[in-house]
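Q: As input, take target-v8.cif (mmCIF, C-alpha atoms):
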data_start
#
loop_
_atom_site.group_PDB
_atom_site.id
_atom_site.type_symbol
_atom_site.label_atom_id
_atom_site.label_comp_id
_atom_site.auth_asym_id
_atom_site.auth_seq_id
_atom_site.Cartn_x
_atom_site.Cartn_y
_atom_site.Cartn_z
ATOM 1 C CA MET M 1 2.477 83.374 50.387
ATOM 2 C CA ASN M 2 5.210 82.090 52.657
ATOM 3 C CA ASP M 3 5.983 78.429 53.371
ATOM 4 C CA SER M 4 4.006 78.369 56.635
ATOM 5 C CA GLN M 5 0.886 79.793 54.974
ATOM 6 C CA TYR M 6 1.208 77.320 52.102
ATOM 7 C CA ASN M 7 1.605 74.336 54.436
ATOM 8 C CA LEU M 8 -1.419 75.371 56.477
ATOM 9 C CA LEU M 9 -3.621 75.822 53.381
ATOM 10 C CA ALA M 10 -2.405 72.629 51.695
ATOM 11 C CA ASP M 11 -2.831 70.530 54.846
ATOM 12 C CA GLU M 12 -6.356 71.917 55.289
ATOM 13 C CA VAL M 13 -7.370 70.942 51.757
ATOM 14 C CA LEU M 14 -5.921 67.424 52.089
ATOM 15 C CA LEU M 15 -7.807 66.896 55.352
ATOM 16 C CA ALA M 16 -10.983 68.288 53.759
ATOM 17 C CA VAL M 17 -10.612 65.766 50.896
ATOM 18 C CA GLU M 18 -10.350 62.915 53.411
ATOM 19 C CA GLU M 19 -13.493 64.122 55.167
ATOM 20 C CA ALA M 20 -15.367 64.560 51.872
ATOM 21 C CA ILE M 21 -14.425 61.013 50.802
ATOM 22 C CA GLU M 22 -15.626 59.683 54.174
ATOM 23 C CA ASP M 23 -18.944 61.511 53.760
ATOM 24 C CA CYS M 24 -19.618 60.757 50.078
ATOM 25 C CA GLY M 25 -21.158 57.320 50.700
ATOM 26 C CA VAL M 26 -19.096 55.582 48.014
ATOM 27 C CA ASP M 27 -16.542 52.841 48.689
ATOM 28 C CA ILE M 28 -13.279 54.723 48.163
ATOM 29 C CA ASP M 29 -10.246 53.858 50.262
ATOM 30 C CA TYR M 30 -7.730 56.534 51.131
ATOM 31 C CA GLU M 31 -4.327 56.678 52.748
ATOM 32 C CA SER M 32 -2.501 59.812 53.821
ATOM 33 C CA VAL M 33 1.230 59.906 54.487
ATOM 34 C CA SER M 34 3.369 63.051 54.769
ATOM 35 C CA GLY M 35 1.492 65.310 52.365
ATOM 36 C CA LEU M 36 0.553 62.497 49.975
ATOM 37 C CA LEU M 37 -3.080 61.366 49.798
ATOM 38 C CA THR M 38 -3.902 58.275 47.730
ATOM 39 C CA LEU M 39 -7.511 57.494 46.799
ATOM 40 C CA THR M 40 -8.069 53.901 45.684
ATOM 41 C CA PHE M 41 -11.251 52.902 43.882
ATOM 42 C CA VAL M 42 -13.020 49.527 43.728
ATOM 43 C CA ASN M 43 -11.912 49.101 40.086
ATOM 44 C CA GLY M 44 -8.259 49.401 41.177
ATOM 45 C CA THR M 45 -7.626 52.887 39.793
ATOM 46 C CA LYS M 46 -6.086 55.598 41.947
ATOM 47 C CA ILE M 47 -5.993 59.358 42.313
ATOM 48 C CA ILE M 48 -2.921 60.737 44.027
ATOM 49 C CA ILE M 49 -2.994 64.199 45.582
ATOM 50 C CA ASN M 50 0.249 65.593 46.929
ATOM 51 C CA LYS M 51 1.814 68.747 48.204
ATOM 52 C CA GLN M 52 4.559 70.343 46.135
ATOM 53 C CA ALA M 53 5.958 72.617 48.824
ATOM 54 C CA PRO M 54 8.846 74.141 46.819
ATOM 55 C CA LEU M 55 6.327 75.381 44.224
ATOM 56 C CA HIS M 56 3.486 76.118 46.694
ATOM 57 C CA GLU M 57 1.208 73.876 44.617
ATOM 58 C CA ILE M 58 -0.996 70.829 45.032
ATOM 59 C CA TRP M 59 -0.600 68.197 42.325
ATOM 60 C CA VAL M 60 -3.336 65.732 41.387
ATOM 61 C CA ALA M 61 -2.618 62.641 39.304
ATOM 62 C CA THR M 62 -5.597 60.760 37.847
ATOM 63 C CA LYS M 63 -5.603 57.733 35.577
ATOM 64 C CA PHE M 64 -5.872 60.165 32.663
ATOM 65 C CA ASN M 65 -3.348 62.934 33.426
ATOM 66 C CA GLY M 66 -1.798 65.248 35.995
ATOM 67 C CA HIS M 67 -2.903 68.669 37.201
ATOM 68 C CA HIS M 68 -1.105 71.400 39.119
ATOM 69 C CA PHE M 69 -3.169 73.630 41.404
ATOM 70 C CA ALA M 70 -2.007 76.994 42.717
ATOM 71 C CA PHE M 71 -3.719 79.067 45.394
ATOM 72 C CA ALA M 72 -4.983 82.464 44.237
ATOM 73 C CA ASP M 73 -8.083 84.555 44.927
ATOM 74 C CA ASN M 74 -8.983 82.327 47.886
ATOM 75 C CA GLN M 75 -9.144 79.066 45.922
ATOM 76 C CA TRP M 76 -6.977 76.336 44.422
ATOM 77 C CA THR M 77 -7.059 76.587 40.623
ATOM 78 C CA ASP M 78 -5.616 74.311 37.920
ATOM 79 C CA LYS M 79 -2.774 76.221 36.272
ATOM 80 C CA ARG M 80 -3.510 74.724 32.850
ATOM 81 C CA SER M 81 -7.310 74.543 32.600
ATOM 82 C CA GLY M 82 -8.380 77.110 35.202
ATOM 83 C CA ASP M 83 -10.667 74.542 36.872
ATOM 84 C CA GLU M 84 -11.441 75.059 40.546
ATOM 85 C CA PHE M 85 -10.036 72.240 42.727
ATOM 86 C CA TRP M 86 -13.310 70.883 44.169
ATOM 87 C CA GLN M 87 -15.134 70.908 40.821
ATOM 88 C CA PHE M 88 -12.202 69.152 39.175
ATOM 89 C CA LEU M 89 -11.864 66.584 41.962
ATOM 90 C CA SER M 90 -15.611 65.798 41.949
ATOM 91 C CA SER M 91 -15.442 65.141 38.218
ATOM 92 C CA ALA M 92 -12.273 63.034 38.434
ATOM 93 C CA VAL M 93 -13.585 60.964 41.360
ATOM 94 C CA SER M 94 -16.912 60.430 39.549
ATOM 95 C CA VAL M 95 -15.130 59.108 36.464
ATOM 96 C CA GLN M 96 -12.895 56.738 38.396
ATOM 97 C CA ALA M 97 -15.616 55.572 40.801
ATOM 98 C CA GLU M 98 -17.967 55.108 37.826
ATOM 99 C CA GLU M 99 -20.783 56.981 39.579
ATOM 100 C CA GLU M 100 -21.718 60.593 40.157
ATOM 101 C CA ILE M 101 -20.021 62.064 43.239
ATOM 102 C CA THR M 102 -19.961 65.667 44.385
ATOM 103 C CA LEU M 103 -17.212 66.537 46.826
ATOM 104 C CA SER M 104 -16.969 69.821 48.656
ATOM 105 C CA GLU M 105 -15.002 71.460 51.398
ATOM 106 C CA GLN M 106 -17.175 71.371 54.515
#
Represent the structure from my file as C-alpha cells, please.
A:
Amino acid sequence: MNDSQYNLLADEVLLAVEEAIEDCGVDIDYESVSGLLTLTFVNGTKIIINKQAPLHEIWVATKFNGHHFAFADNQWTDKRSGDEFWQFLSSAVSVQAEEEITLSEQ
C-alpha cells in the first residue's frame, strides 16, 4: 500500500466512525482534527483514534489501553489481538458509554 492509498482508506474509516457515532443514538461527542478523532463520553472518558501515516496504521487509545490496527485482507485488524476494527470499537464504546452500542461502517 502506498501513502495515497493509506490516507484514502484511513480517512474513510475515520469519517465512517463519525457517521456511526452520529447514528448510534447515544450521547457521545466527537471532534476531528487533522487525522485525530476524539470521542468524549458523558462520564468524561475518551477514546482517541488517530492516523499513524508513517506506519500505515490506525491507533486507538481507550481508557484501558492502546491498539494498533493495520489494513490487510480488506479490513483493519488489531496487530496484537487480531480483533476486527468495528467489533473492537463497538465493544470499547459500549464499555465507556456504559451501554450496549453496535457501530458499523455504513
Q: List, as a list in words, every residue that the PyMOL selection byres ((chain M and resi 52) around 10) selects in the file provided.
A: Tyr6, Asn7, Ala10, Gly35, Leu36, Ile49, Asn50, Lys51, Ala53, Pro54, Leu55, His56, Glu57, Ile58, Trp59, His68, Phe69 and Ala70 of chain M
Q: Once you count only C-alpha atoms, what closest atom pair and distance in Å to one decimal does each residue of range 21-70 of chain M within 9 Å of range 85-102 of chain M have, with rows by chain and rising residue number, as a Markdown table?
A:
| residue | atom | partner | partner_atom | distance |
| --- | --- | --- | --- | --- |
| M:Cys24 | CA | M:Ile101 | CA | 7.0 |
| M:Gly25 | CA | M:Ile101 | CA | 8.9 |
| M:Val26 | CA | M:Ala97 | CA | 8.0 |
| M:Asp27 | CA | M:Ala97 | CA | 8.4 |
| M:Ile28 | CA | M:Ala97 | CA | 7.8 |
| M:Leu39 | CA | M:Val93 | CA | 8.9 |
| M:Phe41 | CA | M:Ala97 | CA | 6.0 |
| M:Val42 | CA | M:Ala97 | CA | 7.2 |
| M:Asn43 | CA | M:Ala97 | CA | 7.5 |
| M:Thr45 | CA | M:Gln96 | CA | 6.7 |
| M:Lys46 | CA | M:Gln96 | CA | 7.8 |
| M:Ile47 | CA | M:Val93 | CA | 7.8 |
| M:Val60 | CA | M:Leu89 | CA | 8.6 |
| M:Thr62 | CA | M:Ala92 | CA | 7.1 |
| M:Lys63 | CA | M:Gln96 | CA | 7.9 |
| M:Phe69 | CA | M:Phe85 | CA | 7.1 |
Q: Can you measure CA of Ser34 in chain M to CA of Asn74 in chain M for me? One decimal in Å is fine.
A: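 Atom-to-atom, CA of Ser34 in chain M to CA of Asn74 in chain M, that is 23.9 Å.
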Q: What is the distance between CA of Gly44 in chain M and CA of Ile21 in chain M, in Å to one decimal?
A: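 Atom-to-atom, CA of Gly44 in chain M and CA of Ile21 in chain M are spaced 16.3 Å apart.
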Q: Taking only C-alpha atoms into account, which of M:Thr38, M:Ser32, M:Gln5, M:Ser104 comes nearest Phe71 in chain M?
A: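 Closest to Phe71 in chain M of all the choices is M:Gln5.
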Q: Which of these residues is nearest to Gln75 in chain M, using all atoms listed in the file: M:Asp29, M:Thr40, M:Glu105, M:Ile48?
A: M:Glu105
Q: So, with all atoms listed in the file as the atoms that count, which of M:Asp23, M:Asp83, M:Asp73, M:Asp78 lies closest to Gln106 in chain M?
A: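 The shortest atom-to-atom distance to Gln106 in chain M comes from M:Asp23.
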Q: For CA of Phe64 in chain M and CA of Lys79 in chain M, quote the distance in Å rounded to one decimal.
A: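 Interatomic distance, CA of Phe64 in chain M to CA of Lys79 in chain M: 16.7 Å.
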Q: To box range 32-48 of chain M, take all atoms listed in the file, fit an axis-aligned box, add 8 Å on each side, and give centre and edge lengths in Å to one decimal, as lines of an AutoDock Vina configuration file.
A:
center_x = -4.8
center_y = 57.2
center_z = 47.3
size_x = 32.4
size_y = 32.2
size_z = 31.0
Q: Which one of M:Val17, M:Leu103, M:Ala72, M:Leu9 sits closest to Glu31 in chain M if you count only C-alpha atoms?
A: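 Nearest candidate to Glu31 in chain M out of M:Val17, M:Leu103, M:Ala72, M:Leu9: M:Val17.
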